[in-house]
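J.: Shown below is the structure under consideration.
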There are 2 protein chains.
Amino acid sequence: MTSEFALIEALRGIAGSPAARGLMDDAAVIEIGGAKLVLTLDTLVESVHFLPDDPPQDIAWKLVAVNASDVSAKGAEPLGCLYSHALGEDAWDHAFLDGLAEACAHFRMPLLGGDTVRMPEGAPRSFSLTALGRTDGAVPARSGAKAGDRVWVSGTIGDSRLGLAVLTGRAASPEAGEWLAARYRRPAPETRLGPALAPWVSAMMDISDGLLIDGQRMAGASSVAMTIAADLVPLSAAFRETAGESLEDRLMAMTAGDDYGLLFTAPPEHTAQIREAAAALACPVTAIGTVTAGEGISLVHQEQPVPLPEKLGYRH
Amino acid sequence: MTSEFALIEALRGIAGSPAARGLMDDAAVIEIGGAKLVLTLDTLVESVHFLPDDPPQDIAWKLVAVNASDVSAKGAEPLGCLYSHALGEDAWDHAFLDGLAEACAHFRMPLLGGDTVRMPEGAPRSFSLTALGRTDGAVPARSGAKAGDRVWVSGTIGDSRLGLAVLTGRAASPEAGEWLAARYRRPAPETRLGPALAPWVSAMMDISDGLLIDGQRMAGASSVAMTIAADLVPLSAAFRETAGESLEDRLMAMTAGDDYGLLFTAPPEHTAQIREAAAALACPVTAIGTVTAGEGISLVHQEQPVPLPEKLGYRH
């Protein structure tokens, strides 16, 4: 199979427009009539991004959620979406539409159009969704982190991965199991947070493949080094009760995909504004590290350096 | 398999935004900063929309061409595109990118972003592309045809289908075979024509599934009747030499997909402006029928009514 890396390199050669941001960002940005339009496209494929027996409502929810999350991370308000539906069985497809309608309403992302396609017999289902957002302000890139900035995350880390473990019988929690499973099945990022934070951040992206791998990508795009304190990474009560909060548990959380919180950097003098914007939306935000000159990501735990895990996250 | 019709009906229930145009059009239209943004999404699936051994460069070309055609039919200038690439074998994927680069340049449709996804073993390839266009003028809908209007098409009809017949050995032409095959493999609509015609038309769409079926859709969306004169439908010299120009040949042309010319209606008093706009781009346009009160599409040939063929076109 073609290496995704090699293909993206080749695509960069084609995508020369400044709006493409060198394909280094989560979204394209077009200026139109004084406004900035943010565009992102994500595809979910059966047996790759979801399991054949996942509830169709949840797959549709996730399709909208992951794109709404990208739009929010670029500081934009949702405008709408278009999607491509691979026709399958009647009941499954209509259940999918129920979840789609619910998610479009939840994320204020009206369905504007799309395509329906027949698939050959036995083909896996796949769904592509293009989301649009708009902002009149700055669009934070991955590449804006500066030495001296603080590193922040929103929400808690690792719940979705632990929810998947609960669903597949690899973890159990009588009290918190259902809550964790819902984090995996129906990620519900507060998408008003991105636009509220955008004026104060130097770089921002959503955490989709794991805090560490996404942090490494942000550090790379920004040509800086990033140090993250494992002990400061926010864990939910459900996570702490079910998995624990040792360094090992924390590393599991930090390399887990499907969080859809925000990872952002900001100069220390914006700390008060960041806390205020987040408090107004009742979204916890936590400073978990620092940006310095250099390159790559490194980890400390209780002020001691610790080696990076071999696998920093999940590659879809 | 779910009926596409039933699914689209259900989707209409979700897509309540005026920008969605009731999912009755080829594109969504959003107003932003005084400009109108036109958005369209098309998916091509292996063994449904293209053959497994079609040249990858041509598949990529077609993916861009069909979307550029939709943007043009809405009177918009291309802004760019995002696409989702299903990873396959190295040489195939890179050949695909060559065709993509060529088509993006040809149609002035810069690649802005997208997604690359792994596919399960043995899954058919599929590619979704979202195209964006912009106009400051009116966006012609399918639904604007009025009694008294003339019905027009651009270019010639049926060449692509005949090209497919040449490629699959069902038709042969020593002189014109290559030209016809290229019409199928690399449709190259003059996408500057849509914006040039937009101020003068009452309804416009591109012909993707066949002149008759698309005409029927336009008549339906506009709540009018449309009569088309088979003998006025423009055929290329290559088509006439290879297939002929009998009523039967004409019906074949009129029910063939993949033309990507424009079908439009306009009041008779705009005839001079339409001819002038088309002449400036060296694009032939032909008046082939009339719009009247009533419903549905009907056919005449040499001024005599003829029955509609059973199959009006191709349904993707």
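For the structure tokens, the naming scheme is as follows: chains receive sequential letters (A, B, ...) according to their order of presentation, residues are indexed from 1 within each chain, and ligands are indexed from 1 in presentation order.
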Take chain A, lay it over chain B with a least-squares fit on all the Cα atoms in order, then hand it over as an mmCIF file with C-alpha atoms, in the first residue's frame.
T.:
data_model
loop_
_atom_site.group_PDB
_atom_site.id
_atom_site.type_symbol
_atom_site.label_atom_id
_atom_site.label_comp_id
_atom_site.auth_asym_id
_atom_site.auth_seq_id
_atom_site.Cartn_x
_atom_site.Cartn_y
_atom_site.Cartn_z
ATOM 1 C CA MET A 1 -30.166 -1.855 -1.248
ATOM 2 C CA THR A 2 -31.746 1.372 -0.061
ATOM 3 C CA SER A 3 -33.527 3.212 -2.815
ATOM 4 C CA GLU A 4 -31.570 6.342 -3.621
ATOM 5 C CA PHE A 5 -34.869 8.128 -4.095
ATOM 6 C CA ALA A 6 -36.140 7.188 -0.617
ATOM 7 C CA LEU A 7 -32.850 8.163 0.958
ATOM 8 C CA ILE A 8 -32.793 11.549 -0.734
ATOM 9 C CA GLU A 9 -36.368 12.127 0.428
ATOM 10 C CA ALA A 10 -35.230 11.395 3.988
ATOM 11 C CA LEU A 11 -32.201 13.662 3.560
ATOM 12 C CA ARG A 12 -34.484 16.505 2.465
ATOM 13 C CA GLY A 13 -36.102 16.293 5.870
ATOM 14 C CA ILE A 14 -32.685 17.020 7.423
ATOM 15 C CA ALA A 15 -31.428 19.584 4.917
ATOM 16 C CA GLY A 16 -33.821 22.383 5.792
ATOM 17 C CA SER A 17 -31.404 25.262 5.259
ATOM 18 C CA PRO A 18 -32.242 27.489 2.264
ATOM 19 C CA ALA A 19 -28.592 27.018 1.198
ATOM 20 C CA ALA A 20 -29.381 23.351 0.545
ATOM 21 C CA ARG A 21 -31.953 24.345 -2.125
ATOM 22 C CA GLY A 22 -34.082 21.395 -1.022
ATOM 23 C CA LEU A 23 -31.337 19.079 -2.393
ATOM 24 C CA MET A 24 -33.004 19.710 -5.757
ATOM 25 C CA ASP A 25 -29.999 21.354 -7.326
ATOM 26 C CA ASP A 26 -26.494 20.291 -8.289
ATOM 27 C CA ALA A 27 -24.875 22.434 -5.652
ATOM 28 C CA ALA A 28 -25.435 24.200 -2.364
ATOM 29 C CA VAL A 29 -25.288 27.991 -2.321
ATOM 30 C CA ILE A 30 -24.117 30.015 0.670
ATOM 31 C CA GLU A 31 -23.984 33.788 0.819
ATOM 32 C CA ILE A 32 -20.889 35.023 2.546
ATOM 33 C CA GLY A 33 -19.602 38.576 2.675
ATOM 34 C CA GLY A 34 -21.808 39.603 -0.282
ATOM 35 C CA ALA A 35 -20.463 36.816 -2.514
ATOM 36 C CA LYS A 36 -22.193 33.556 -3.288
ATOM 37 C CA LEU A 37 -20.305 30.395 -2.635
ATOM 38 C CA VAL A 38 -21.276 27.321 -4.643
ATOM 39 C CA LEU A 39 -20.414 23.903 -3.203
ATOM 40 C CA THR A 40 -20.705 20.498 -4.738
ATOM 41 C CA LEU A 41 -19.532 17.031 -3.743
ATOM 42 C CA ASP A 42 -19.223 14.029 -6.041
ATOM 43 C CA THR A 43 -17.899 10.562 -5.346
ATOM 44 C CA LEU A 44 -16.537 8.114 -7.915
ATOM 45 C CA VAL A 45 -16.508 4.425 -6.981
ATOM 46 C CA GLU A 46 -14.568 1.668 -8.753
ATOM 47 C CA SER A 47 -16.805 -0.695 -10.748
ATOM 48 C CA VAL A 48 -19.684 1.802 -10.441
ATOM 49 C CA HIS A 49 -18.354 5.057 -11.913
ATOM 50 C CA PHE A 50 -15.135 3.760 -13.431
ATOM 51 C CA LEU A 51 -13.632 0.426 -14.418
ATOM 52 C CA PRO A 52 -10.827 -1.173 -12.375
ATOM 53 C CA ASP A 53 -8.489 -1.002 -15.380
ATOM 54 C CA ASP A 54 -9.287 2.569 -16.436
ATOM 55 C CA PRO A 55 -6.095 4.641 -16.466
ATOM 56 C CA PRO A 56 -5.747 6.267 -13.016
ATOM 57 C CA GLN A 57 -4.853 9.611 -14.614
ATOM 58 C CA ASP A 58 -8.223 9.619 -16.394
ATOM 59 C CA ILE A 59 -10.183 8.716 -13.254
ATOM 60 C CA ALA A 60 -8.590 11.646 -11.429
ATOM 61 C CA TRP A 61 -9.296 13.929 -14.388
ATOM 62 C CA LYS A 62 -12.942 12.884 -14.382
ATOM 63 C CA LEU A 63 -13.264 13.431 -10.626
ATOM 64 C CA VAL A 64 -12.203 17.057 -11.078
ATOM 65 C CA ALA A 65 -14.094 17.537 -14.361
ATOM 66 C CA VAL A 66 -17.509 16.415 -13.083
ATOM 67 C CA ASN A 67 -17.272 18.754 -10.112
ATOM 68 C CA ALA A 68 -15.911 21.662 -12.171
ATOM 69 C CA SER A 69 -18.853 21.114 -14.500
ATOM 70 C CA ASP A 70 -21.345 21.446 -11.632
ATOM 71 C CA VAL A 71 -19.668 24.639 -10.420
ATOM 72 C CA SER A 72 -19.791 26.118 -13.932
ATOM 73 C CA ALA A 73 -23.449 25.171 -14.352
ATOM 74 C CA LYS A 74 -24.237 27.286 -11.303
ATOM 75 C CA GLY A 75 -22.565 30.289 -12.936
ATOM 76 C CA ALA A 76 -19.586 30.238 -10.582
ATOM 77 C CA GLU A 77 -15.839 30.603 -11.094
ATOM 78 C CA PRO A 78 -13.813 27.804 -9.500
ATOM 79 C CA LEU A 79 -12.175 28.561 -6.142
ATOM 80 C CA GLY A 80 -10.665 25.210 -5.300
ATOM 81 C CA CYS A 81 -11.297 21.658 -4.190
ATOM 82 C CA LEU A 82 -10.717 19.178 -1.381
ATOM 83 C CA TYR A 83 -10.638 15.446 -1.933
ATOM 84 C CA SER A 84 -10.451 12.166 -0.152
ATOM 85 C CA HIS A 85 -7.966 9.614 -1.469
ATOM 86 C CA ALA A 86 -8.349 5.892 -0.780
ATOM 87 C CA LEU A 87 -4.785 4.588 -0.586
ATOM 88 C CA GLY A 88 -3.944 1.770 -2.981
ATOM 89 C CA GLU A 89 -0.779 0.667 -4.749
ATOM 90 C CA ASP A 90 2.073 3.089 -5.110
ATOM 91 C CA ALA A 91 2.319 3.369 -8.911
ATOM 92 C CA TRP A 92 -1.444 3.602 -9.332
ATOM 93 C CA ASP A 93 -1.785 6.309 -6.681
ATOM 94 C CA HIS A 94 1.013 8.428 -8.100
ATOM 95 C CA ALA A 95 -0.399 8.125 -11.628
ATOM 96 C CA PHE A 96 -3.722 9.259 -10.180
ATOM 97 C CA LEU A 97 -2.025 12.323 -8.694
ATOM 98 C CA ASP A 98 -0.526 13.141 -12.093
ATOM 99 C CA GLY A 99 -4.014 13.245 -13.586
ATOM 100 C CA LEU A 100 -5.297 15.206 -10.630
ATOM 101 C CA ALA A 101 -2.603 17.855 -11.001
ATOM 102 C CA GLU A 102 -3.299 18.124 -14.731
ATOM 103 C CA ALA A 103 -7.056 18.486 -14.207
ATOM 104 C CA CYS A 104 -6.730 20.978 -11.348
ATOM 105 C CA ALA A 105 -4.578 23.139 -13.621
ATOM 106 C CA HIS A 106 -6.867 22.708 -16.645
ATOM 107 C CA PHE A 107 -10.040 23.582 -14.747
ATOM 108 C CA ARG A 108 -8.348 26.345 -12.678
ATOM 109 C CA MET A 109 -9.451 24.440 -9.559
ATOM 110 C CA PRO A 110 -6.563 24.511 -7.060
ATOM 111 C CA LEU A 111 -6.273 21.613 -4.638
ATOM 112 C CA LEU A 112 -6.797 23.018 -1.145
ATOM 113 C CA GLY A 113 -6.847 19.993 1.099
ATOM 114 C CA GLY A 114 -8.497 16.715 1.885
ATOM 115 C CA ASP A 115 -7.933 13.405 3.502
ATOM 116 C CA THR A 116 -6.116 10.158 2.768
ATOM 117 C CA VAL A 117 -7.607 6.936 4.077
ATOM 118 C CA ARG A 118 -6.536 3.352 4.275
ATOM 119 C CA MET A 119 -9.041 0.884 2.869
ATOM 120 C CA PRO A 120 -9.656 -2.714 3.978
ATOM 121 C CA GLU A 121 -8.044 -5.386 1.795
ATOM 122 C CA GLY A 122 -9.902 -5.859 -1.488
ATOM 123 C CA ALA A 123 -12.168 -2.834 -1.072
ATOM 124 C CA PRO A 124 -13.018 -0.938 -4.256
ATOM 125 C CA ARG A 125 -11.297 2.402 -4.625
ATOM 126 C CA SER A 126 -13.441 5.441 -4.035
ATOM 127 C CA PHE A 127 -12.707 9.129 -4.241
ATOM 128 C CA SER A 128 -14.840 12.032 -3.043
ATOM 129 C CA LEU A 129 -14.183 15.553 -4.195
ATOM 130 C CA THR A 130 -15.738 18.760 -2.941
ATOM 131 C CA ALA A 131 -15.485 21.710 -5.296
ATOM 132 C CA LEU A 132 -16.079 25.337 -4.447
ATOM 133 C CA GLY A 133 -16.912 28.169 -6.728
ATOM 134 C CA ARG A 134 -17.812 31.766 -6.296
ATOM 135 C CA THR A 135 -19.966 34.277 -8.061
ATOM 136 C CA ASP A 136 -21.189 37.759 -7.325
ATOM 137 C CA GLY A 137 -24.137 37.319 -9.674
ATOM 138 C CA ALA A 138 -27.212 35.130 -9.711
ATOM 139 C CA VAL A 139 -26.884 31.379 -9.248
ATOM 140 C CA PRO A 140 -29.161 29.677 -11.794
ATOM 141 C CA ALA A 141 -31.189 26.852 -10.285
ATOM 142 C CA ARG A 142 -32.716 23.829 -11.985
ATOM 143 C CA SER A 143 -36.082 25.178 -10.989
ATOM 144 C CA GLY A 144 -36.249 28.465 -12.877
ATOM 145 C CA ALA A 145 -37.534 27.387 -16.316
ATOM 146 C CA LYS A 146 -40.648 29.341 -17.377
ATOM 147 C CA ALA A 147 -43.317 28.757 -20.010
ATOM 148 C CA GLY A 148 -42.225 30.584 -23.149
ATOM 149 C CA ASP A 149 -38.502 29.947 -22.586
ATOM 150 C CA ARG A 150 -36.300 28.261 -25.131
ATOM 151 C CA VAL A 151 -34.351 25.110 -24.201
ATOM 152 C CA TRP A 152 -30.661 25.127 -25.093
ATOM 153 C CA VAL A 153 -27.658 22.852 -24.887
ATOM 154 C CA SER A 154 -23.965 23.589 -25.245
ATOM 155 C CA GLY A 155 -21.528 21.444 -27.186
ATOM 156 C CA THR A 156 -22.550 18.183 -28.831
ATOM 157 C CA ILE A 157 -24.489 15.319 -27.311
ATOM 158 C CA GLY A 158 -23.642 11.621 -27.021
ATOM 159 C CA ASP A 159 -19.926 11.665 -27.847
ATOM 160 C CA SER A 160 -18.821 10.307 -24.496
ATOM 161 C CA ARG A 161 -21.189 7.334 -24.627
ATOM 162 C CA LEU A 162 -20.068 6.537 -28.151
ATOM 163 C CA GLY A 163 -16.467 6.832 -26.974
ATOM 164 C CA LEU A 164 -17.185 4.213 -24.312
ATOM 165 C CA ALA A 165 -18.633 1.969 -27.036
ATOM 166 C CA VAL A 166 -15.419 2.410 -29.028
ATOM 167 C CA LEU A 167 -13.318 1.569 -25.967
ATOM 168 C CA THR A 168 -15.324 -1.569 -25.254
ATOM 169 C CA GLY A 169 -15.354 -2.747 -28.896
ATOM 170 C CA ARG A 170 -19.075 -2.127 -29.459
ATOM 171 C CA ALA A 171 -18.388 0.586 -32.045
ATOM 172 C CA ALA A 172 -15.452 1.324 -34.322
ATOM 173 C CA SER A 173 -14.199 4.272 -36.293
ATOM 174 C CA PRO A 174 -10.683 4.448 -37.730
ATOM 175 C CA GLU A 175 -10.853 8.241 -38.039
ATOM 176 C CA ALA A 176 -12.913 9.346 -35.079
ATOM 177 C CA GLY A 177 -12.415 6.545 -32.553
ATOM 178 C CA GLU A 178 -9.626 8.200 -30.647
ATOM 179 C CA TRP A 179 -11.390 11.544 -30.457
ATOM 180 C CA LEU A 180 -14.577 9.874 -29.190
ATOM 181 C CA ALA A 181 -12.705 7.771 -26.630
ATOM 182 C CA ALA A 182 -11.087 10.930 -25.289
ATOM 183 C CA ARG A 183 -14.555 12.463 -24.806
ATOM 184 C CA TYR A 184 -15.350 9.571 -22.451
ATOM 185 C CA ARG A 185 -12.021 9.383 -20.684
ATOM 186 C CA ARG A 186 -11.286 13.058 -20.308
ATOM 187 C CA PRO A 187 -14.447 15.118 -20.454
ATOM 188 C CA ALA A 188 -13.327 18.722 -20.854
ATOM 189 C CA PRO A 189 -16.303 21.029 -20.515
ATOM 190 C CA GLU A 190 -15.583 24.703 -21.163
ATOM 191 C CA THR A 191 -16.227 25.803 -17.602
ATOM 192 C CA ARG A 192 -16.054 29.511 -18.420
ATOM 193 C CA LEU A 193 -19.333 29.115 -20.286
ATOM 194 C CA GLY A 194 -21.554 28.742 -17.207
ATOM 195 C CA PRO A 195 -20.547 32.071 -15.654
ATOM 196 C CA ALA A 196 -20.856 33.773 -19.064
ATOM 197 C CA LEU A 197 -24.388 32.454 -19.597
ATOM 198 C CA ALA A 198 -25.640 32.818 -16.013
ATOM 199 C CA PRO A 199 -26.974 36.385 -16.394
ATOM 200 C CA TRP A 200 -29.178 35.353 -19.338
ATOM 201 C CA VAL A 201 -30.647 31.991 -18.336
ATOM 202 C CA SER A 202 -33.718 31.111 -16.275
ATOM 203 C CA ALA A 203 -32.500 27.612 -15.322
ATOM 204 C CA MET A 204 -29.223 25.772 -15.849
ATOM 205 C CA MET A 205 -27.609 22.426 -15.011
ATOM 206 C CA ASP A 206 -24.955 20.236 -16.519
ATOM 207 C CA ILE A 207 -25.898 17.130 -18.486
ATOM 208 C CA SER A 208 -24.358 14.270 -16.575
ATOM 209 C CA ASP A 209 -26.856 11.424 -16.789
ATOM 210 C CA GLY A 210 -28.346 12.069 -20.238
ATOM 211 C CA LEU A 211 -30.102 14.975 -21.946
ATOM 212 C CA LEU A 212 -33.575 13.483 -21.586
ATOM 213 C CA ILE A 213 -33.376 12.458 -17.944
ATOM 214 C CA ASP A 214 -31.725 15.738 -16.972
ATOM 215 C CA GLY A 215 -34.324 17.641 -19.006
ATOM 216 C CA GLN A 216 -37.047 15.750 -17.192
ATOM 217 C CA ARG A 217 -35.460 16.691 -13.874
ATOM 218 C CA MET A 218 -35.290 20.351 -14.857
ATOM 219 C CA ALA A 219 -38.919 20.321 -16.045
ATOM 220 C CA GLY A 220 -39.946 18.640 -12.788
ATOM 221 C CA ALA A 221 -38.023 21.060 -10.574
ATOM 222 C CA SER A 222 -39.490 23.990 -12.530
ATOM 223 C CA SER A 223 -43.075 22.621 -12.649
ATOM 224 C CA VAL A 224 -43.249 23.119 -16.400
ATOM 225 C CA ALA A 225 -43.374 20.968 -19.526
ATOM 226 C CA MET A 226 -40.437 20.745 -21.888
ATOM 227 C CA THR A 227 -40.528 19.696 -25.536
ATOM 228 C CA ILE A 228 -37.284 18.751 -27.220
ATOM 229 C CA ALA A 229 -36.807 18.421 -30.979
ATOM 230 C CA ALA A 230 -34.646 15.350 -31.563
ATOM 231 C CA ASP A 231 -33.625 16.606 -35.012
ATOM 232 C CA LEU A 232 -32.225 19.813 -33.523
ATOM 233 C CA VAL A 233 -30.023 18.062 -30.956
ATOM 234 C CA PRO A 234 -26.435 18.818 -31.984
ATOM 235 C CA LEU A 235 -24.293 15.808 -32.918
ATOM 236 C CA SER A 236 -20.585 15.959 -33.633
ATOM 237 C CA ALA A 237 -19.225 15.032 -37.047
ATOM 238 C CA ALA A 238 -17.496 12.098 -35.339
ATOM 239 C CA PHE A 239 -20.798 10.905 -33.898
ATOM 240 C CA ARG A 240 -22.618 11.243 -37.220
ATOM 241 C CA GLU A 241 -19.902 9.368 -39.093
ATOM 242 C CA THR A 242 -19.560 6.604 -36.512
ATOM 243 C CA ALA A 243 -23.124 6.053 -35.307
ATOM 244 C CA GLY A 244 -25.306 7.936 -37.780
ATOM 245 C CA GLU A 245 -27.994 10.532 -37.295
ATOM 246 C CA SER A 246 -31.262 8.632 -37.523
ATOM 247 C CA LEU A 247 -33.874 9.132 -34.823
ATOM 248 C CA GLU A 248 -32.581 5.962 -33.177
ATOM 249 C CA ASP A 249 -29.026 7.291 -33.139
ATOM 250 C CA ARG A 250 -30.286 10.568 -31.746
ATOM 251 C CA LEU A 251 -32.214 8.798 -28.993
ATOM 252 C CA MET A 252 -29.048 6.935 -28.101
ATOM 253 C CA ALA A 253 -27.197 10.259 -27.842
ATOM 254 C CA MET A 254 -29.969 11.895 -25.800
ATOM 255 C CA THR A 255 -30.063 9.099 -23.213
ATOM 256 C CA ALA A 256 -26.282 8.822 -22.853
ATOM 257 C CA GLY A 257 -24.475 9.955 -19.722
ATOM 258 C CA ASP A 258 -21.205 11.793 -19.175
ATOM 259 C CA ASP A 259 -21.776 14.636 -21.643
ATOM 260 C CA TYR A 260 -21.064 17.488 -19.218
ATOM 261 C CA GLY A 261 -22.414 20.099 -21.575
ATOM 262 C CA LEU A 262 -24.882 22.629 -20.199
ATOM 263 C CA LEU A 263 -28.649 22.353 -20.417
ATOM 264 C CA PHE A 264 -30.335 25.695 -19.924
ATOM 265 C CA THR A 265 -33.513 27.624 -20.547
ATOM 266 C CA ALA A 266 -33.865 31.323 -21.346
ATOM 267 C CA PRO A 267 -36.485 33.763 -22.535
ATOM 268 C CA PRO A 268 -36.360 34.259 -26.336
ATOM 269 C CA GLU A 269 -35.347 37.910 -25.877
ATOM 270 C CA HIS A 270 -31.978 36.787 -24.461
ATOM 271 C CA THR A 271 -31.081 34.832 -27.597
ATOM 272 C CA ALA A 272 -28.609 37.378 -28.940
ATOM 273 C CA GLN A 273 -26.766 37.695 -25.613
ATOM 274 C CA ILE A 274 -26.550 33.923 -25.290
ATOM 275 C CA ARG A 275 -25.125 33.523 -28.776
ATOM 276 C CA GLU A 276 -22.651 36.302 -28.134
ATOM 277 C CA ALA A 277 -21.448 34.879 -24.789
ATOM 278 C CA ALA A 278 -20.983 31.442 -26.336
ATOM 279 C CA ALA A 279 -19.252 32.781 -29.465
ATOM 280 C CA ALA A 280 -16.771 34.692 -27.319
ATOM 281 C CA LEU A 281 -15.670 31.348 -25.863
ATOM 282 C CA ALA A 282 -15.945 29.505 -29.189
ATOM 283 C CA CYS A 283 -18.541 27.178 -27.605
ATOM 284 C CA PRO A 284 -21.416 26.120 -29.831
ATOM 285 C CA VAL A 285 -24.856 26.501 -28.254
ATOM 286 C CA THR A 286 -28.042 25.194 -29.852
ATOM 287 C CA ALA A 287 -31.716 25.888 -29.180
ATOM 288 C CA ILE A 288 -33.369 22.469 -29.124
ATOM 289 C CA GLY A 289 -36.815 22.983 -27.646
ATOM 290 C CA THR A 290 -39.384 24.984 -25.792
ATOM 291 C CA VAL A 291 -40.866 25.292 -22.337
ATOM 292 C CA THR A 292 -44.648 25.345 -21.934
ATOM 293 C CA ALA A 293 -47.149 25.156 -19.089
ATOM 294 C CA GLY A 294 -47.742 21.575 -17.975
ATOM 295 C CA GLU A 295 -45.432 18.875 -16.779
ATOM 296 C CA GLY A 296 -42.887 16.336 -17.981
ATOM 297 C CA ILE A 297 -40.740 16.082 -21.040
ATOM 298 C CA SER A 298 -41.840 15.222 -24.575
ATOM 299 C CA LEU A 299 -40.105 14.663 -27.872
ATOM 300 C CA VAL A 300 -40.708 15.686 -31.463
ATOM 301 C CA HIS A 301 -38.726 14.700 -34.542
ATOM 302 C CA GLN A 302 -39.100 16.648 -37.766
ATOM 303 C CA GLU A 303 -42.149 18.301 -36.203
ATOM 304 C CA GLN A 304 -43.873 14.973 -35.435
ATOM 305 C CA PRO A 305 -44.381 13.765 -31.867
ATOM 306 C CA VAL A 306 -42.359 10.651 -31.046
ATOM 307 C CA PRO A 307 -42.669 8.479 -27.932
ATOM 308 C CA LEU A 308 -40.090 8.828 -25.195
ATOM 309 C CA PRO A 309 -37.643 5.943 -24.909
ATOM 310 C CA GLU A 310 -38.198 3.669 -21.918
ATOM 311 C CA LYS A 311 -34.905 4.627 -20.323
ATOM 312 C CA LEU A 312 -34.245 8.371 -20.319
ATOM 313 C CA GLY A 313 -30.671 8.220 -19.124
ATOM 314 C CA TYR A 314 -28.157 6.745 -16.815
ATOM 315 C CA ARG A 315 -28.604 6.701 -13.061
ATOM 316 C CA HIS A 316 -25.285 6.637 -11.233
#
J.: Pick out each residue of segment 8-243 of chain B that DSSP on the backbone tags as alpha helix (DSSP H); I need them as a PyMOL selection string.
T.: chain B and resi 8-14+56-73+90-106+159-167+177-185+193-197+211-222+237-242
J.: To test your reading of the structure, identify every residue in segment 114-202 of chain B that backbone DSSP assigns to strand (DSSP E), and report it as a PyMOL selection string.
T.: chain B and resi 114-117+126-135+150-154
J.: Restricting it to N, CA and C atoms, dump the selection as a CSV table (one decimal), in the first residue's frame.
T.:
chain,number,residue,atom,x,y,z
B,114,GLY,N,-7.7,18.0,2.0
B,114,GLY,CA,-8.5,16.7,1.9
B,114,GLY,C,-8.0,15.7,2.9
B,115,ASP,N,-8.1,14.5,2.6
B,115,ASP,CA,-7.9,13.4,3.5
B,115,ASP,C,-7.4,12.2,2.7
B,116,THR,N,-6.5,11.4,3.4
B,116,THR,CA,-6.1,10.2,2.8
B,116,THR,C,-6.5,9.1,3.7
B,117,VAL,N,-7.1,8.0,3.2
B,117,VAL,CA,-7.6,6.9,4.1
B,117,VAL,C,-7.1,5.6,3.6
B,126,SER,N,-12.4,4.4,-3.9
B,126,SER,CA,-13.4,5.4,-4.0
B,126,SER,C,-12.8,6.8,-3.7
B,127,PHE,N,-13.3,7.8,-4.4
B,127,PHE,CA,-12.7,9.1,-4.2
B,127,PHE,C,-13.8,10.1,-4.2
B,128,SER,N,-13.9,11.0,-3.1
B,128,SER,CA,-14.8,12.0,-3.0
B,128,SER,C,-14.1,13.4,-3.2
B,129,LEU,N,-14.8,14.2,-4.0
B,129,LEU,CA,-14.2,15.5,-4.2
B,129,LEU,C,-15.3,16.6,-3.9
B,130,THR,N,-14.9,17.6,-3.2
B,130,THR,CA,-15.7,18.8,-2.9
B,130,THR,C,-15.2,19.9,-3.7
B,131,ALA,N,-16.0,20.5,-4.5
B,131,ALA,CA,-15.5,21.7,-5.3
B,131,ALA,C,-16.2,22.9,-4.8
B,132,LEU,N,-15.5,24.0,-4.8
B,132,LEU,CA,-16.1,25.3,-4.4
B,132,LEU,C,-16.0,26.3,-5.6
B,133,GLY,N,-17.0,27.1,-5.8
B,133,GLY,CA,-16.9,28.2,-6.7
B,133,GLY,C,-17.5,29.4,-6.1
B,134,ARG,N,-17.3,30.5,-6.8
B,134,ARG,CA,-17.8,31.8,-6.3
B,134,ARG,C,-18.4,32.6,-7.4
B,135,THR,N,-19.5,33.3,-7.1
B,135,THR,CA,-20.0,34.3,-8.1
B,135,THR,C,-20.6,35.5,-7.3
B,150,ARG,N,-36.9,29.2,-24.3
B,150,ARG,CA,-36.3,28.3,-25.1
B,150,ARG,C,-35.4,27.3,-24.3
B,151,VAL,N,-35.3,26.1,-24.8
B,151,VAL,CA,-34.4,25.1,-24.2
B,151,VAL,C,-33.1,25.0,-25.1
B,152,TRP,N,-32.0,25.1,-24.4
B,152,TRP,CA,-30.7,25.1,-25.1
B,152,TRP,C,-29.7,24.0,-24.5
B,153,VAL,N,-28.8,23.6,-25.4
B,153,VAL,CA,-27.7,22.9,-24.9
B,153,VAL,C,-26.4,23.5,-25.4
B,154,SER,N,-25.3,23.2,-24.7
B,154,SER,CA,-24.0,23.6,-25.2
B,154,SER,C,-23.2,22.3,-25.7
